[in-house]
Amino acid sequence: MRRALQRIRAYWNRSAMFRAGAVITGLVFFFILSGMICRSWPPTAMDATARLSGFSAAHLLGTDHLGRDTYSRMVSGAGTTLFIAVGTVLIGALGGSVLGALCGYFGGPADEIIMRIVDALFAFPSILLALVFVSLFGSGRYHVIVALGIAFIPSFARTVRGEVIRERERDYVLSAGLHGISPLRIIFFHILPNTGDVLLSAVLIGFNNAVLAEAGLSFLGIGVQPPDASLGRMLSESQQYLFSAPLTALMPGILLVLMILGFSLLGEGVRSAGN
Amino acid sequence: MRETKHTLPILSVEDLQIEFRDHSLPETAVHDFDLILHAGEIVGIVGESGAGKSLSALAIAGLLKRHSAAKAGRILFDDLDLLNCPREVLREYQGDEIAVIFQEPMSSLDPLMRIGPQVEESLRIHHPDIDRAERKRRALEALESVGLTDTERVYRAYPHELSGGMRQRVMIAAAMIAEPQILIADEPTTALDVTVQAQIIALLKEINRTKNTAILFISHDLSLVRQLCGRVVVMRDGRIVEEGETARVFADPQDPYTAQLIDAIPRVEKKESAGREQGETILSVTGLDAGYPGHPPRRIVHDVSFSLKKGEILGLAGESGSGKSTLAKAVLGLLPLMNGTIDGAGLRSAMVFQDPYGSLNPAKTIEWILTEALTGGRRRNFSREELHRRAAAALAQVELPESFLERRPAELSGGQRQRVAIAEALIGSPDLIIADEPVSALDVTVQAQIITLIEKIRRETGAAILLIAHDLRVIYRVCDRVLIMKQGRIVEEGDVERVYFDPQEEYTKELLRAAGIGSERDA
């Protein structure tokens with residue numbers, strides 16, 4: 001724990017991008033948390049007296065075409081988006097790390113075959129893979145998590161495999177082998193902790209892609225189902241009122257941009273400070 | 001011994017100060033650096049890593065990035081202040097009047113460019129009036145003057161087609177082609193084998209004698225400086241601690257640090273044979289062939305036989321590529337045997353590596369590293385208290401405090417890391433320790449401490465040690481017996497006394513000569 005704090009402080013000191021990313025992400029989280037605590041409207045409640053309204057005392061950031069409070073829906077939508085992104089990255093990072101580490105350490109024909117399959121998967125956009133999965137197994141947030149998670153495995157597998165191949169040649173790995181430590185323990189307890197910086201930046205960047213992918217799926221209508229809110233859904237629902245009530249599209253759009261900007265700055269910051 | 005020539009000073013550095021603005025760099029800096037270089041003189045700058053010797057030399061060559069360091073003082077050459085003049089003016093001198101050669105000849109040469117154009121480069125830049133044919137003639141001449149034969153072929157070759165020694169000769173040819181007044185050589189032989197090293201030193205002497213080029217020779221190796229330089233500057237922590245005629249400094253050092261540095265060079269003088277008691281033979285290798293499997297397999301070690309007794313330290317000496325490390329790996333069972341037998345049943349063995357920066361897992365604490373080595377990853381068989389106690393005991397054996405258990409490798413100095421690496425080898429109470437160049441990555445004073453530690457460990461544990469080293473002085477100091485290896489074969493074997501004072505093989509004599517051991521031995 002103390003060490004994690006030290007690491008974060010080191011990133012903060014070394015990289016301006018990390019500082020900017022941390023501030024933006026901090027603001028986004030503050031926005032979401034504050035909304036969860038003190039929003040006055042449930043995200044699905046319709047206020048028939050105020051449809052497509054602008055900023056007002058009752059509805060801080062206006063309402064959509066059904067009179068639902070934009071602020072409440074943004075908060076709940078961002079929460080959904082984050083939940084899906086976290087799940088996706090967890091599946092992708094865990095699966096990818098294990099697969100990549102095993103392939104990188106053992107090499108050989110199995111590695112070749114698995115990596116060619118990974119390459120083939122990599123060639124498809126992850127959103128397309130998720131689309132196929134969702135159309136086979138149905139939509140909803142848990143399906144989206146599994147679908148995107150699997151689609152994210154290849155990029156993590158590749159990153160980790162490269163790192164493990166690099167670390168494998170170092171003397172401490174040879175030394176561990178001489179002490180009779182088993183290969184699996186060497187991979188997961190000796191080598192993987194040394195890929196931390198790279199893995200962390202991959203996770204942060206993967207997180208971004210997951211947010212985008214979820215928004216994309218929901219925008220297409222196959223992600224989160226109504227009346228649940230998600231940032232992508234809000235964008236797609238407000239698209240036809242873009243000119244009459246720009247606020248309904250603008251607000252979730254800005255939040256999405258800030259979320260992605262914050263995470264990519266964090267990711268880049270970790271990567272540049274790690275070197 | 002050489003006399004200082006009382007010629008005009010050609011370069012004078014006055015009150016040079018360098019400080020890095022980037023605080024993430026280690027605190028290397030140079031304070032109050034003064035130096036006067038006369039024409040035709042060879043001056044050595046010695047010191048351990050971080051002493052500021054390379055930094056000072058780079059400043060003189062005008063190679064410090066302007067924005068990275070704050071500099072003050074003056075570097076006067078030709079009545080011009082190189083430190084403060086405009087960059088365009090500085091460029092007139094770089095490569096033409098002041099040339100530099102670096103440690104690593106592979107990375108100083110452009111791998112995509114043939115040798116010829118790289119040697120000619122400074123002529124092309126500083127003397128554009130010279131035509132192509134003449135440039136090539138001069139380049140060939142320069143290549144010949146650094147002792148390369150078949151210069152036409154070298155001229156057309158790419159760097160990877162040349163050996164390390166040839167590349168360093170090419171670098172010297174490229175530096176000397178414009179006949180500079182000053183040659184700055186920054187650890188030019190550190191990456192080379194001893195025999196090649198001796199040739200490069202001889203070449204630098206020759207250049208100095210025939211062309212009257214002043215040489216500023218930066219090195220951590222005092223015995224090289226002693227062979228080459230008329231005057232020596234000793235640096236520590238960015239400051240000059242001593243300066244003077246080389247003979248005087250070595251005979252009568254004024255500064256305690258200089259004395260410590262000189263003391264740290266292992267001496268090769270008759271030892272009184274303490275009659276070390278030795279136990280039974282624990283390892284015997286006969287007719288061993290080893291190498292790397294593949295198609296076709298590469299056989300590197302040929303027909304090697306030796307034995308090792310309990311409590312004995314056996315040295316394995318030879319130049320790079322002679323198969324020392326391959327032999328060690330074969331003995332440890334890391335390589336398949338191609339022929340012969342290794343007889344050491346039930347031997348517990350451990351290894352100490354050359355580079356303590358690579359052999360300790362950077363993500364883990366020292367306690368974790370030590371206990372992992374003890375348990376072989378099967379931690380459940382041990383109680384937590386026992387692990388802690390054993391790790392602390394291992395640290396005590398290498399004279400490190402218990403508080404180091406919580407640290408990670410990055411928080412330790414090179415010498416401390418090597419101590420931890422030795423503790424890691426010791427913790428399983430091995431019968432045999434194979435140490436592959438355990439001190440060659442360390443500074444001389446640290447080297448001396450680790451050598452003392454290795455001797456103590458042998459006394460206390462009675463483990464047999466196979467010590468691989470290219471430094472014959474280290475081997476003499478530590479080992480009882482020595483194997484001299486060349487191209488995968490053992491060419492000479494015997495007690496160190498016998499081998500060093502009465503070498504039988506021409507190759508052994510050559511190695512000893514190159515290490516400058518002959519002169520002391522006769523004295």
# chains A, B, ... in the order shown; residues from 1 in each chain; ligands from 1

call {"tool": "residues_around", "arguments": {"residues": "range 73-79 of chain A", "least_positions_apart": "6", "cutoff": "6 Å", "atoms": "only C-alpha atoms", "output": "list in words"}}
result
Ile32, Gly35, Pro43, Ala229, Ser230 and Leu231 of chain A

call {"tool": "interface_residues", "arguments": {"of": "chain A", "to": "chain B", "cutoff": "7 Å", "atoms": "only C-alpha atoms", "output": "list in words"}}
result
Arg170, Asp171, Tyr172, Ser175, His179, Gly180, Ile181, Pro193 and Asn194 of chain A

call {"tool": "write_last_selection", "arguments": {"atoms": "C-alpha atoms", "output": "CSV table (one decimal), in the first residue's frame"}}
result
chain,number,residue,atom,x,y,z
A,170,ARG,CA,17.2,-11.6,-17.4
A,171,ASP,CA,19.4,-13.2,-14.8
A,172,TYR,CA,16.9,-13.2,-12.0
A,175,SER,CA,18.5,-17.6,-10.9
A,179,HIS,CA,16.7,-22.5,-7.0
A,180,GLY,CA,14.2,-25.1,-8.2
A,181,ILE,CA,11.2,-22.8,-8.5
A,193,PRO,CA,5.2,-8.2,-11.0
A,194,ASN,CA,7.9,-6.7,-13.2

call {"tool": "closest_residue", "arguments": {"among": "B:Leu432, B:Ile36, B:Leu405, B:Leu395", "to": "Gln418 in chain B", "atoms": "only C-alpha atoms"}}
result
B:Leu395

call {"tool": "residues_around", "arguments": {"residues": "range 236-245 of chain A", "least_positions_apart": "4", "cutoff": "12 Å", "atoms": "only C-alpha atoms", "output": "PDB file with N, CA and C atoms, in the first residue's frame"}}
result
ATOM      1  N   ARG A  51     -40.160  19.387 -20.516  1.00  0.00           N
ATOM      2  CA  ARG A  51     -39.504  18.542 -21.503  1.00  0.00           C
ATOM      3  C   ARG A  51     -38.495  19.377 -22.277  1.00  0.00           C
ATOM      4  N   LEU A  52     -37.325  18.734 -22.539  1.00  0.00           N
ATOM      5  CA  LEU A  52     -36.282  19.412 -23.307  1.00  0.00           C
ATOM      6  C   LEU A  52     -36.001  20.808 -22.771  1.00  0.00           C
ATOM      7  N   SER A  53     -36.002  20.945 -21.446  1.00  0.00           N
ATOM      8  CA  SER A  53     -35.767  22.274 -20.873  1.00  0.00           C
ATOM      9  C   SER A  53     -34.269  22.541 -20.769  1.00  0.00           C
ATOM     10  N   GLY A  54     -33.953  23.783 -20.605  1.00  0.00           N
ATOM     11  CA  GLY A  54     -32.551  24.194 -20.453  1.00  0.00           C
ATOM     12  C   GLY A  54     -32.162  24.143 -18.989  1.00  0.00           C
ATOM     13  N   PHE A  55     -31.071  24.859 -18.652  1.00  0.00           N
ATOM     14  CA  PHE A  55     -30.661  24.925 -17.251  1.00  0.00           C
ATOM     15  C   PHE A  55     -31.770  25.537 -16.427  1.00  0.00           C
ATOM     16  N   LEU A  61     -29.129  20.551 -15.162  1.00  0.00           N
ATOM     17  CA  LEU A  61     -28.570  20.487 -16.511  1.00  0.00           C
ATOM     18  C   LEU A  61     -29.645  20.229 -17.556  1.00  0.00           C
ATOM     19  N   GLY A  62     -30.873  20.561 -17.212  1.00  0.00           N
ATOM     20  CA  GLY A  62     -31.958  20.408 -18.186  1.00  0.00           C
ATOM     21  C   GLY A  62     -32.575  19.018 -18.165  1.00  0.00           C
ATOM     22  N   THR A  63     -33.493  18.796 -19.136  1.00  0.00           N
ATOM     23  CA  THR A  63     -34.184  17.504 -19.219  1.00  0.00           C
ATOM     24  C   THR A  63     -34.185  17.009 -20.654  1.00  0.00           C
ATOM     25  N   ASP A  64     -34.536  15.717 -20.835  1.00  0.00           N
ATOM     26  CA  ASP A  64     -34.600  15.189 -22.205  1.00  0.00           C
ATOM     27  C   ASP A  64     -36.039  15.218 -22.728  1.00  0.00           C
ATOM     28  N   HIS A  65     -36.265  14.523 -23.839  1.00  0.00           N
ATOM     29  CA  HIS A  65     -37.574  14.640 -24.507  1.00  0.00           C
ATOM     30  C   HIS A  65     -38.704  14.032 -23.690  1.00  0.00           C
ATOM     31  N   LEU A  66     -38.377  13.180 -22.705  1.00  0.00           N
ATOM     32  CA  LEU A  66     -39.426  12.629 -21.843  1.00  0.00           C
ATOM     33  C   LEU A  66     -39.502  13.383 -20.522  1.00  0.00           C
ATOM     34  N   GLY A  67     -38.723  14.451 -20.403  1.00  0.00           N
ATOM     35  CA  GLY A  67     -38.734  15.216 -19.163  1.00  0.00           C
ATOM     36  C   GLY A  67     -37.914  14.581 -18.058  1.00  0.00           C
ATOM     37  N   ARG A  68     -36.993  13.667 -18.425  1.00  0.00           N
ATOM     38  CA  ARG A  68     -36.145  13.068 -17.396  1.00  0.00           C
ATOM     39  C   ARG A  68     -34.954  13.984 -17.123  1.00  0.00           C
ATOM     40  N   THR A  70     -31.531  15.410 -16.843  1.00  0.00           N
ATOM     41  CA  THR A  70     -30.273  15.067 -17.515  1.00  0.00           C
ATOM     42  C   THR A  70     -29.160  14.787 -16.514  1.00  0.00           C
ATOM     43  N   ALA A 215     -20.174   2.810 -24.986  1.00  0.00           N
ATOM     44  CA  ALA A 215     -20.991   3.914 -25.499  1.00  0.00           C
ATOM     45  C   ALA A 215     -21.449   3.613 -26.916  1.00  0.00           C
ATOM     46  N   GLY A 216     -20.515   3.035 -27.691  1.00  0.00           N
ATOM     47  CA  GLY A 216     -20.853   2.712 -29.075  1.00  0.00           C
ATOM     48  C   GLY A 216     -21.973   1.681 -29.147  1.00  0.00           C
ATOM     49  N   LEU A 217     -21.852   0.606 -28.365  1.00  0.00           N
ATOM     50  CA  LEU A 217     -22.868  -0.444 -28.370  1.00  0.00           C
ATOM     51  C   LEU A 217     -24.218   0.108 -27.933  1.00  0.00           C
ATOM     52  N   SER A 218     -24.215   0.909 -26.881  1.00  0.00           N
ATOM     53  CA  SER A 218     -25.476   1.457 -26.385  1.00  0.00           C
ATOM     54  C   SER A 218     -26.062   2.444 -27.382  1.00  0.00           C
ATOM     55  N   PHE A 219     -25.185   3.176 -28.051  1.00  0.00           N
ATOM     56  CA  PHE A 219     -25.637   4.111 -29.069  1.00  0.00           C
ATOM     57  C   PHE A 219     -26.366   3.352 -30.177  1.00  0.00           C
ATOM     58  N   LEU A 220     -25.813   2.177 -30.525  1.00  0.00           N
ATOM     59  CA  LEU A 220     -26.439   1.357 -31.558  1.00  0.00           C
ATOM     60  C   LEU A 220     -27.693   0.658 -31.043  1.00  0.00           C
ATOM     61  N   GLY A 221     -27.913   0.742 -29.713  1.00  0.00           N
ATOM     62  CA  GLY A 221     -29.126   0.163 -29.162  1.00  0.00           C
ATOM     63  C   GLY A 221     -28.997  -1.287 -28.753  1.00  0.00           C
ATOM     64  N   ILE A 222     -27.777  -1.825 -28.734  1.00  0.00           N
ATOM     65  CA  ILE A 222     -27.642  -3.220 -28.341  1.00  0.00           C
ATOM     66  C   ILE A 222     -26.881  -3.360 -27.036  1.00  0.00           C
ATOM     67  N   GLY A 223     -26.635  -2.256 -26.357  1.00  0.00           N
ATOM     68  CA  GLY A 223     -25.921  -2.332 -25.094  1.00  0.00           C
ATOM     69  C   GLY A 223     -26.915  -2.341 -23.953  1.00  0.00           C
ATOM     70  N   VAL A 224     -26.853  -1.301 -23.150  1.00  0.00           N
ATOM     71  CA  VAL A 224     -27.763  -1.158 -22.023  1.00  0.00           C
ATOM     72  C   VAL A 224     -29.175  -0.891 -22.551  1.00  0.00           C
ATOM     73  N   GLN A 225     -30.158  -1.570 -21.989  1.00  0.00           N
ATOM     74  CA  GLN A 225     -31.522  -1.436 -22.507  1.00  0.00           C
ATOM     75  C   GLN A 225     -32.322  -0.394 -21.719  1.00  0.00           C
ATOM     76  N   PRO A 226     -33.255   0.320 -22.407  1.00  0.00           N
ATOM     77  CA  PRO A 226     -34.078   1.294 -21.705  1.00  0.00           C
ATOM     78  C   PRO A 226     -34.954   0.595 -20.668  1.00  0.00           C
ATOM     79  N   PRO A 227     -35.344   1.252 -19.587  1.00  0.00           N
ATOM     80  CA  PRO A 227     -35.094   2.681 -19.374  1.00  0.00           C
ATOM     81  C   PRO A 227     -33.779   2.994 -18.681  1.00  0.00           C
ATOM     82  N   ALA A 229     -30.102   4.126 -17.909  1.00  0.00           N
ATOM     83  CA  ALA A 229     -29.338   5.165 -18.589  1.00  0.00           C
ATOM     84  C   ALA A 229     -27.923   4.672 -18.848  1.00  0.00           C
ATOM     85  N   SER A 230     -27.346   5.146 -19.938  1.00  0.00           N
ATOM     86  CA  SER A 230     -25.909   4.985 -20.180  1.00  0.00           C
ATOM     87  C   SER A 230     -25.543   6.155 -21.067  1.00  0.00           C
ATOM     88  N   LEU A 231     -24.301   6.563 -21.016  1.00  0.00           N
ATOM     89  CA  LEU A 231     -23.933   7.774 -21.769  1.00  0.00           C
ATOM     90  C   LEU A 231     -24.204   7.588 -23.255  1.00  0.00           C
ATOM     91  N   GLY A 232     -23.897   6.388 -23.765  1.00  0.00           N
ATOM     92  CA  GLY A 232     -24.119   6.122 -25.185  1.00  0.00           C
ATOM     93  C   GLY A 232     -25.599   6.196 -25.533  1.00  0.00           C
ATOM     94  N   ALA A 249     -27.781  16.524 -25.617  1.00  0.00           N
ATOM     95  CA  ALA A 249     -26.705  15.745 -26.220  1.00  0.00           C
ATOM     96  C   ALA A 249     -25.346  16.224 -25.728  1.00  0.00           C
ATOM     97  N   LEU A 250     -25.258  17.546 -25.571  1.00  0.00           N
ATOM     98  CA  LEU A 250     -23.976  18.155 -25.225  1.00  0.00           C
ATOM     99  C   LEU A 250     -23.463  17.685 -23.872  1.00  0.00           C
ATOM    100  N   MET A 251     -24.342  17.636 -22.871  1.00  0.00           N
ATOM    101  CA  MET A 251     -23.896  17.330 -21.512  1.00  0.00           C
ATOM    102  C   MET A 251     -23.289  15.926 -21.391  1.00  0.00           C
ATOM    103  N   PRO A 252     -24.035  14.880 -21.802  1.00  0.00           N
ATOM    104  CA  PRO A 252     -23.389  13.552 -21.727  1.00  0.00           C
ATOM    105  C   PRO A 252     -22.165  13.440 -22.629  1.00  0.00           C
ATOM    106  N   GLY A 253     -22.200  14.153 -23.750  1.00  0.00           N
ATOM    107  CA  GLY A 253     -21.048  14.138 -24.661  1.00  0.00           C
ATOM    108  C   GLY A 253     -19.809  14.676 -23.981  1.00  0.00           C
TER     109      GLY A 253
END

call {"tool": "closest_residue", "arguments": {"among": "B:Arg231, B:Arg267, B:His160, B:His470", "to": "Ser107 in chain B", "atoms": "only C-alpha atoms"}}
result
B:His160

call {"tool": "atom_distance", "arguments": {"atom1": "CA of Gln197 in chain B", "atom2": "CA of Gly164 in chain B"}}
result
10.3 Å

call {"tool": "atom_distance", "arguments": {"atom1": "CA of Ser219 in chain B", "atom2": "CA of Ile45 in chain B"}}
result
6.3 Å

call {"tool": "residues_around", "arguments": {"residues": "range 75-90 of chain B", "least_positions_apart": "6", "cutoff": "10 Å", "atoms": "only C-alpha atoms", "output": "MDAnalysis selection string"}}
result
chainID B and resid 9:16 34:37 59:64 66 97:98
